[in-house]
Structure formats: structure tokens, C-alpha cells
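Participant: Contents of model13.cif (mmCIF, C-alpha atoms) are given next:
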data_structure
#
loop_
_atom_site.label_atom_id
_atom_site.label_comp_id
_atom_site.auth_asym_id
_atom_site.auth_seq_id
_atom_site.Cartn_x
_atom_site.Cartn_y
_atom_site.Cartn_z
CA SER Q 1 -36.57 -49.86 9.10
CA ALA Q 2 -33.98 -50.77 6.47
CA VAL Q 3 -30.60 -49.06 6.36
CA ILE Q 4 -30.15 -47.50 2.92
CA SER Q 5 -26.98 -46.02 1.52
CA GLN Q 6 -26.30 -44.19 -1.72
CA LYS Q 7 -23.14 -43.40 -3.64
CA PRO Q 8 -22.02 -40.82 -4.49
CA SER Q 9 -23.53 -38.38 -2.02
CA ARG Q 10 -22.94 -35.57 -4.47
CA ASP Q 11 -21.27 -34.95 -7.80
CA ILE Q 12 -20.64 -32.20 -10.30
CA CYS Q 13 -20.77 -33.37 -13.91
CA GLN Q 14 -20.34 -31.75 -17.27
CA ARG Q 15 -23.20 -31.64 -19.73
CA GLY Q 16 -23.27 -34.54 -22.13
CA THR Q 17 -21.75 -36.99 -19.69
CA SER Q 18 -23.52 -39.58 -17.50
CA LEU Q 19 -23.68 -40.31 -13.79
CA THR Q 20 -24.43 -43.67 -12.23
CA ILE Q 21 -25.89 -43.66 -8.73
CA GLN Q 22 -25.77 -46.72 -6.50
CA CYS Q 23 -28.31 -47.69 -3.86
CA GLN Q 24 -27.55 -50.41 -1.29
CA VAL Q 25 -29.99 -51.82 1.26
CA ASP Q 26 -29.06 -53.92 4.28
CA SER Q 27 -31.92 -56.38 3.72
CA GLN Q 28 -33.56 -58.04 0.76
CA VAL Q 29 -36.45 -56.11 -0.75
CA THR Q 30 -38.66 -56.96 -3.68
CA MET Q 31 -39.13 -53.42 -4.93
CA MET Q 32 -36.86 -50.40 -4.99
CA PHE Q 33 -37.89 -46.97 -6.19
CA TRP Q 34 -36.03 -44.04 -7.68
CA TYR Q 35 -37.26 -40.48 -7.12
CA ARG Q 36 -36.10 -37.11 -8.35
CA GLN Q 37 -36.31 -33.93 -6.30
CA GLN Q 38 -35.62 -30.84 -8.34
CA PRO Q 39 -34.34 -27.76 -6.47
CA GLY Q 40 -36.98 -26.48 -4.06
CA GLN Q 41 -39.54 -28.95 -5.39
CA SER Q 42 -41.36 -32.07 -4.32
CA LEU Q 43 -40.44 -35.66 -5.05
CA THR Q 44 -41.36 -37.31 -8.34
CA LEU Q 45 -41.19 -41.03 -8.96
CA ILE Q 46 -38.91 -41.95 -11.85
CA ALA Q 47 -39.28 -45.73 -11.89
CA THR Q 48 -39.76 -48.94 -9.95
CA ALA Q 49 -36.85 -51.37 -10.03
CA ASN Q 50 -37.77 -55.03 -9.70
CA GLN Q 51 -35.19 -57.78 -9.45
CA GLY Q 52 -35.09 -59.99 -12.49
CA SER Q 53 -37.21 -57.80 -14.72
CA GLU Q 54 -37.05 -54.48 -16.48
CA ALA Q 55 -37.76 -51.35 -14.52
CA THR Q 56 -41.18 -49.76 -14.81
CA TYR Q 57 -40.98 -46.08 -15.74
CA GLU Q 58 -43.44 -43.34 -14.89
CA SER Q 59 -44.86 -40.98 -17.46
CA GLY Q 60 -42.25 -38.52 -18.62
CA PHE Q 61 -39.26 -40.76 -17.83
CA VAL Q 62 -37.66 -43.07 -20.39
CA ILE Q 63 -35.17 -45.89 -20.20
CA ASP Q 64 -32.70 -44.27 -22.61
CA LYS Q 65 -32.34 -41.29 -20.29
CA PHE Q 66 -32.60 -43.14 -16.95
CA PRO Q 67 -31.40 -46.73 -17.36
CA ILE Q 68 -31.78 -48.78 -14.19
CA SER Q 69 -30.20 -52.02 -13.11
CA ARG Q 70 -31.35 -54.35 -10.33
CA PRO Q 71 -28.90 -57.26 -10.20
CA ASN Q 72 -30.06 -58.57 -6.80
CA LEU Q 73 -32.49 -57.92 -3.97
CA THR Q 74 -30.23 -55.48 -2.09
CA PHE Q 75 -28.78 -53.29 -4.82
CA SER Q 76 -29.82 -51.03 -7.68
CA THR Q 77 -28.25 -48.39 -9.89
CA LEU Q 78 -29.75 -45.42 -11.67
CA THR Q 79 -27.86 -43.81 -14.52
CA VAL Q 80 -28.71 -40.30 -15.65
CA SER Q 81 -27.50 -40.07 -19.24
CA ASN Q 82 -26.58 -37.25 -21.59
CA LEU Q 83 -26.69 -34.75 -18.76
CA SER Q 84 -28.07 -31.24 -19.14
CA PRO Q 85 -28.39 -28.50 -16.50
CA GLU Q 86 -32.09 -29.43 -16.13
CA ASP Q 87 -30.97 -32.76 -14.65
CA SER Q 88 -29.50 -30.96 -11.64
CA SER Q 89 -31.51 -32.49 -8.81
CA ILE Q 90 -31.36 -34.74 -5.81
CA TYR Q 91 -31.93 -38.38 -6.71
CA LEU Q 92 -33.23 -40.65 -3.97
CA CYS Q 93 -33.83 -44.35 -3.80
CA SER Q 94 -36.45 -45.79 -1.49
CA VAL Q 95 -37.63 -49.17 -0.30
CA PRO Q 96 -40.91 -50.33 1.21
CA GLY Q 97 -41.07 -51.24 4.86
CA ASP Q 98 -43.50 -53.30 6.88
CA PRO Q 99 -46.29 -53.16 6.08
CA TYR Q 100 -46.76 -50.05 3.94
CA GLU Q 101 -44.12 -47.55 4.93
CA GLN Q 102 -41.48 -46.35 2.52
CA TYR Q 103 -38.01 -45.27 3.55
CA PHE Q 104 -35.58 -43.09 1.65
CA GLY Q 105 -31.87 -43.19 1.12
CA PRO Q 106 -29.78 -40.11 1.90
CA GLY Q 107 -29.92 -38.92 -1.71
CA THR Q 108 -27.39 -37.98 -4.37
CA ARG Q 109 -27.08 -34.30 -5.18
CA LEU Q 110 -26.21 -33.87 -8.87
CA THR Q 111 -25.08 -30.57 -10.32
CA VAL Q 112 -24.63 -30.33 -14.07
CA THR Q 113 -22.40 -27.56 -15.41
CA GLY Y 114 -52.79 -41.10 -12.16
CA GLU Y 115 -52.99 -39.80 -8.62
CA ASN Y 116 -52.92 -36.03 -8.07
CA VAL Y 117 -52.17 -34.75 -4.58
CA GLU Y 118 -52.66 -31.08 -3.75
CA GLN Y 119 -51.20 -29.58 -0.58
CA HIS Y 120 -51.93 -26.29 1.17
CA PRO Y 121 -50.58 -23.95 2.31
CA SER Y 122 -47.21 -23.77 0.58
CA THR Y 123 -45.73 -21.82 3.50
CA LEU Y 124 -46.79 -21.59 7.12
CA SER Y 125 -45.33 -19.41 9.86
CA VAL Y 126 -46.46 -20.03 13.43
CA GLN Y 127 -45.51 -18.76 16.85
CA GLU Y 128 -43.78 -21.28 19.07
CA GLY Y 129 -46.38 -23.11 21.12
CA ASP Y 130 -49.16 -22.58 18.59
CA SER Y 131 -50.64 -25.29 16.35
CA ALA Y 132 -49.93 -25.89 12.68
CA VAL Y 133 -52.32 -27.53 10.22
CA ILE Y 134 -51.49 -28.71 6.71
CA LYS Y 135 -54.17 -30.00 4.36
CA CYS Y 136 -53.99 -32.32 1.36
CA THR Y 137 -56.51 -33.60 -1.14
CA TYR Y 138 -56.15 -36.58 -3.46
CA SER Y 139 -57.91 -37.61 -6.63
CA ASP Y 140 -57.64 -41.42 -6.80
CA SER Y 141 -60.38 -43.05 -4.77
CA ALA Y 142 -58.33 -46.29 -4.80
CA SER Y 143 -55.56 -44.70 -2.72
CA ASN Y 144 -55.48 -46.31 0.70
CA TYR Y 145 -52.27 -45.21 2.40
CA PHE Y 146 -51.37 -41.61 3.33
CA PRO Y 147 -47.95 -40.89 4.84
CA TRP Y 148 -46.46 -37.58 5.94
CA TYR Y 149 -42.77 -36.82 5.56
CA LYS Y 150 -40.61 -34.17 7.19
CA GLN Y 151 -37.57 -32.97 5.30
CA GLU Y 152 -34.99 -30.79 6.97
CA LEU Y 153 -32.59 -28.80 4.84
CA GLY Y 154 -30.08 -31.05 3.13
CA LYS Y 155 -31.54 -34.24 4.57
CA ARG Y 156 -33.67 -37.10 3.34
CA PRO Y 157 -37.45 -37.15 3.84
CA GLN Y 158 -38.31 -38.81 7.12
CA LEU Y 159 -41.63 -40.57 7.71
CA ILE Y 160 -43.28 -38.94 10.73
CA ILE Y 161 -46.78 -40.40 10.68
CA ASP Y 162 -49.08 -42.27 8.36
CA ILE Y 163 -52.70 -43.33 8.16
CA ARG Y 164 -54.51 -46.09 6.31
CA SER Y 165 -57.88 -45.80 4.65
CA ASN Y 166 -59.67 -47.83 7.32
CA VAL Y 167 -58.75 -45.33 10.04
CA GLY Y 168 -60.11 -41.81 10.53
CA GLU Y 169 -57.51 -40.40 12.89
CA LYS Y 170 -54.12 -41.27 14.30
CA LYS Y 171 -52.03 -39.52 16.95
CA ASP Y 172 -48.40 -39.71 17.97
CA GLN Y 173 -47.50 -37.31 20.76
CA ARG Y 174 -47.79 -33.79 19.30
CA ILE Y 175 -48.60 -34.98 15.80
CA ALA Y 176 -51.96 -36.16 14.49
CA VAL Y 177 -53.36 -37.00 11.10
CA THR Y 178 -57.01 -37.11 10.08
CA LEU Y 179 -58.51 -38.69 6.98
CA ASN Y 180 -61.87 -38.05 5.31
CA LYS Y 181 -62.25 -40.69 2.61
CA THR Y 182 -65.56 -39.34 1.37
CA ALA Y 183 -64.12 -35.90 0.73
CA LYS Y 184 -60.73 -37.34 -0.26
CA HIS Y 185 -58.72 -35.14 2.00
CA PHE Y 186 -56.34 -35.63 4.92
CA SER Y 187 -54.61 -33.25 7.27
CA LEU Y 188 -51.55 -33.04 9.51
CA HIS Y 189 -51.88 -31.33 12.86
CA ILE Y 190 -48.87 -30.33 14.94
CA THR Y 191 -49.62 -29.02 18.42
CA GLU Y 192 -47.36 -27.05 20.76
CA THR Y 193 -44.94 -26.30 17.95
CA GLN Y 194 -41.25 -26.05 18.71
CA PRO Y 195 -38.36 -24.55 16.72
CA GLU Y 196 -37.24 -28.06 15.72
CA ASP Y 197 -40.55 -28.51 13.90
CA SER Y 198 -39.32 -26.02 11.28
CA ALA Y 199 -38.92 -28.01 8.05
CA VAL Y 200 -40.64 -28.86 4.78
CA TYR Y 201 -43.55 -31.27 5.19
CA PHE Y 202 -44.82 -33.45 2.35
CA CYS Y 203 -48.04 -35.40 2.21
CA ALA Y 204 -48.32 -38.39 -0.09
CA ALA Y 205 -50.78 -41.01 -1.23
CA SER Y 206 -50.46 -44.51 -2.61
CA ARG Y 207 -52.31 -47.70 -3.43
CA ALA Y 208 -50.17 -49.45 -0.87
CA PHE Y 209 -51.90 -52.79 -1.32
CA ASN Y 210 -50.94 -52.81 -4.99
CA ASP Y 211 -47.74 -51.03 -5.86
CA TYR Y 212 -46.42 -48.80 -3.06
CA LYS Y 213 -45.81 -45.94 -5.49
CA LEU Y 214 -46.05 -42.61 -3.70
CA SER Y 215 -47.54 -39.46 -5.22
CA PHE Y 216 -46.40 -36.41 -3.30
CA GLY Y 217 -47.92 -33.06 -2.59
CA ALA Y 218 -45.93 -29.94 -3.40
CA GLY Y 219 -44.77 -29.47 0.18
CA THR Y 220 -45.32 -26.97 2.98
CA THR Y 221 -42.47 -24.95 4.46
CA VAL Y 222 -43.17 -24.56 8.16
CA THR Y 223 -41.34 -21.91 10.14
CA VAL Y 224 -41.76 -21.81 13.91
CA ARG Y 225 -40.99 -18.36 15.33
CA ALA Y 226 -39.41 -18.28 18.75
#
Let's see the structure in the file written out as C-alpha cells.

Facilitator:
Amino acid sequence: SAVISQKPSRDICQRGTSLTIQCQVDSQVTMMFWYRQQPGQSLTLIATANQGSEATYESGFVIDKFPISRPNLTFSTLTVSNLSPEDSSIYLCSVPGDPYEQYFGPGTRLTVT
Amino acid sequence: GENVEQHPSTLSVQEGDSAVIKCTYSDSASNYFPWYKQELGKRPQLIIDIRSNVGEKKDQRIAVTLNKTAKHFSLHITETQPEDSAVYFCAASRAFNDYKLSFGAGTTVTVRA
């Protein structure tokens, strides 16, 4: 399976500010995914990041709030903008394996004060 | 979109006993069903998966069964051990198309020594 890293591992941010999360993979992948895990909850897909095209957002998530970049096949960023306490969550990136598996990064724990 | 329901939400078992978690899905086009184990503060880890052309799959003490007609699948853990204590998530996807995972709400399993 791919080795996936995320930065930062955790952060505490003030409301109204933004946080950019980086996801790095040790091999080239066509698709990367961003998930949100609210405290004590399950995982919800935010968007699919494809290299060379705009990200595809799931219902309830918009580009203005969660802009995503995918400059190459091993890297992606997720920005959580205009932070509010409700954005306090763990954000995880994931990549598909061979043939259908999906593997997760270690996550970024965001606390908004 | 896909809706995955998972039961029970919590499960407490005596060490050595079996644990069973059940999930149902709504999208008949879903064809890939992974199970993830998430320990406190860690990323979800893929523990077993099953594809729609298979009815059952085993890996040591873990097994998964799939009933496509009824649209439900189950995780079975035999001879439970304290290290099996974790949150377990089922998921479903149209793996042949987009890899996007829809997760169940999770089951907190506690193995009593």
C-alpha cells in the first residue's frame, strides 16, 4: 500500500481564519480523496481531487469553503476557510490501492477556538 | 446517493466470544464493501473487504459475508481478544467507477477480559 503523510498533524486555529492541510503520497495516483470525521462520528467524503482538473465536491461541501489543489500526482492540499467551531474535526486524505482498496493518511486534527 | 446503515452502534463481548456487526446499503450498483478498524487517535485501517461477486471471505479470525439480494453484509470476529477493541466502520462503493466510499456510522467494540 502507498505511504501517505499529512501536515500538520494537528492545529488550533481561531475562528475566521483558514487552515491548509497537505497530503503527500509516495507514488503517483490518479485520484485523491478528502474526508472529514467530526468528533465521535463517521467519515464523510468532502471531495475528489483529480490532477489537472477541478475537484469534485459532494453534496453539502462547496469550493469556497473547502478549496482543493492538486498540482501533481503525488500531492494535494485542502484548505478549510473562514473557520468556525463546527469545523473542528479530523481531516483525512485517502488514495486508492490495487485494485479497489482505499488507504488513509494519518489525519489532521483541527480545533477551532 | 448511497446510504449505509450499521448496527449495533456499540457492542460489548467477553474475551473469546464472537462479535458480529451488520450493515445494509441502498445502492444496488455498489460492488465493493470494505471494513475499517479505527483505534483511538489513529487512522482507519482496512482489515478486510469483499467484492460483489463473492459471498464470503475469511482472514484468520475475521470473516465477511455479503448478501447482494438483500443488500446487506456482515463482519464476524471470532475468538475476540482485547486488541480487537476499537471502532469498526463498514463502507460501500462503486469501485469500478469512482472509488468513493460511503461509510456506516460505526460500531464501538469493547472486549472484556

Participant: Taking into account all atoms listed in the file, which residue in the set Y:Cys203, Y:Lys184, Y:Lys170, Y:Pro157 is nearest to Q:Tyr91?

Facilitator: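 Ranked by minimum distance to Q:Tyr91, first place goes to Y:Pro157.
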
Participant: For chain Y, which residues have at least one atom within 7 Å of chain Q, if we go by all atoms listed in the file? Write them as JSON, numbers by chain, please.

Facilitator: {"Y": [155, 156, 157, 208, 216, 217, 218, 219]}

Participant: Please provide as an mmCIF file with C-alpha atoms, in the coordinates of the input all residues within 10 Å of Y:Ala226, with the sequence filter that same-chain residues fewer than 3 positions apart are discarded (counting all atoms listed in the file).

Facilitator:
data_model
loop_
_atom_site.group_PDB
_atom_site.id
_atom_site.type_symbol
_atom_site.label_atom_id
_atom_site.label_comp_id
_atom_site.auth_asym_id
_atom_site.auth_seq_id
_atom_site.Cartn_x
_atom_site.Cartn_y
_atom_site.Cartn_z
ATOM 1 C CA VAL Y 126 -46.460 -20.030 13.430
ATOM 2 C CA GLN Y 127 -45.510 -18.760 16.850
ATOM 3 C CA GLU Y 128 -43.780 -21.280 19.070
ATOM 4 C CA GLY Y 129 -46.380 -23.110 21.120
ATOM 5 C CA THR Y 193 -44.940 -26.300 17.950
ATOM 6 C CA GLN Y 194 -41.250 -26.050 18.710
ATOM 7 C CA PRO Y 195 -38.360 -24.550 16.720
ATOM 8 C CA THR Y 223 -41.340 -21.910 10.140
#

Participant: Can you give me, as a ChimeraX atom specification, the residues this file yields under the PyMOL selection byres ((chain Y and resi 178) around 9)?

Facilitator: /Y:163,167-171,176-177,179-180,185-189

Participant: Put those residues in a file: C-alpha atoms, as a PDB file, in the frame of the given file.

Facilitator:
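Saved the output as out34.pdb:
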ATOM      1  CA  ILE Y 163     -52.700 -43.330   8.160  1.00  0.00           C
ATOM      2  CA  VAL Y 167     -58.750 -45.330  10.040  1.00  0.00           C
ATOM      3  CA  GLY Y 168     -60.110 -41.810  10.530  1.00  0.00           C
ATOM      4  CA  GLU Y 169     -57.510 -40.400  12.890  1.00  0.00           C
ATOM      5  CA  LYS Y 170     -54.120 -41.270  14.300  1.00  0.00           C
ATOM      6  CA  LYS Y 171     -52.030 -39.520  16.950  1.00  0.00           C
ATOM      7  CA  ALA Y 176     -51.960 -36.160  14.490  1.00  0.00           C
ATOM      8  CA  VAL Y 177     -53.360 -37.000  11.100  1.00  0.00           C
ATOM      9  CA  LEU Y 179     -58.510 -38.690   6.980  1.00  0.00           C
ATOM     10  CA  ASN Y 180     -61.870 -38.050   5.310  1.00  0.00           C
ATOM     11  CA  HIS Y 185     -58.720 -35.140   2.000  1.00  0.00           C
ATOM     12  CA  PHE Y 186     -56.340 -35.630   4.920  1.00  0.00           C
ATOM     13  CA  SER Y 187     -54.610 -33.250   7.270  1.00  0.00           C
ATOM     14  CA  LEU Y 188     -51.550 -33.040   9.510  1.00  0.00           C
ATOM     15  CA  HIS Y 189     -51.880 -31.330  12.860  1.00  0.00           C
TER      16      HIS Y 189
END

Participant: So which residues touch Q:Gly52 within 10 Å, counting only C-alpha atoms, skipping near sequence neighbours fewer than 2 positions away, as a PyMOL selection string?

Facilitator: chain Q and resi 30+49-50+54-55+69-73

Participant: Just how far from atom CA of Q:Gln24 is atom CA of Q:Thr74, in Å to one decimal?

Facilitator: 5.8 Å

Participant: Can you work out which one of Q:Ile68, Q:Ile4, Q:Ile21, Q:Ile63 has the shortest atom-to-atom distance to Q:Gln51, counting all atoms listed in the file?

Facilitator: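 Using all atoms listed in the file, the shortest distance to Q:Gln51 belongs to Q:Ile68.
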
Participant: Just give me the gap between atom CA of Y:Ala183 and atom CA of Y:Thr137 in Å, one decimal is fine.

Facilitator: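 Atom CA of Y:Ala183 sits 8.2 Å away from atom CA of Y:Thr137.
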
Participant: Applied to this file, what does the PyMOL selection byres ((chain Y and resi 115) around 12) return in terms of residues, put as a PyMOL selection string?

Facilitator: (chain Q and resi 44-45+58) or (chain Y and resi 114+116-118+137-144+184+204-207+213-217)

Participant: If the PyMOL selection byres ((chain Q and resi 111) around 7) were run on this exact file, what residues would it hold? Put them as a PyMOL selection string.

Facilitator: chain Q and resi 11-13+88-89+109-110+112-113

Participant: Hey, can you check how far atom CA of Q:Phe75 sits from atom CA of Q:Ser53?

Facilitator: 13.8 Å

Participant: Q:Thr17, Q:Gln28, Q:Gln22, Q:Gln38: which is nearest Q:Ser84, counting all atoms listed in the file?

Facilitator: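 The shortest atom-to-atom distance to Q:Ser84 comes from Q:Thr17.
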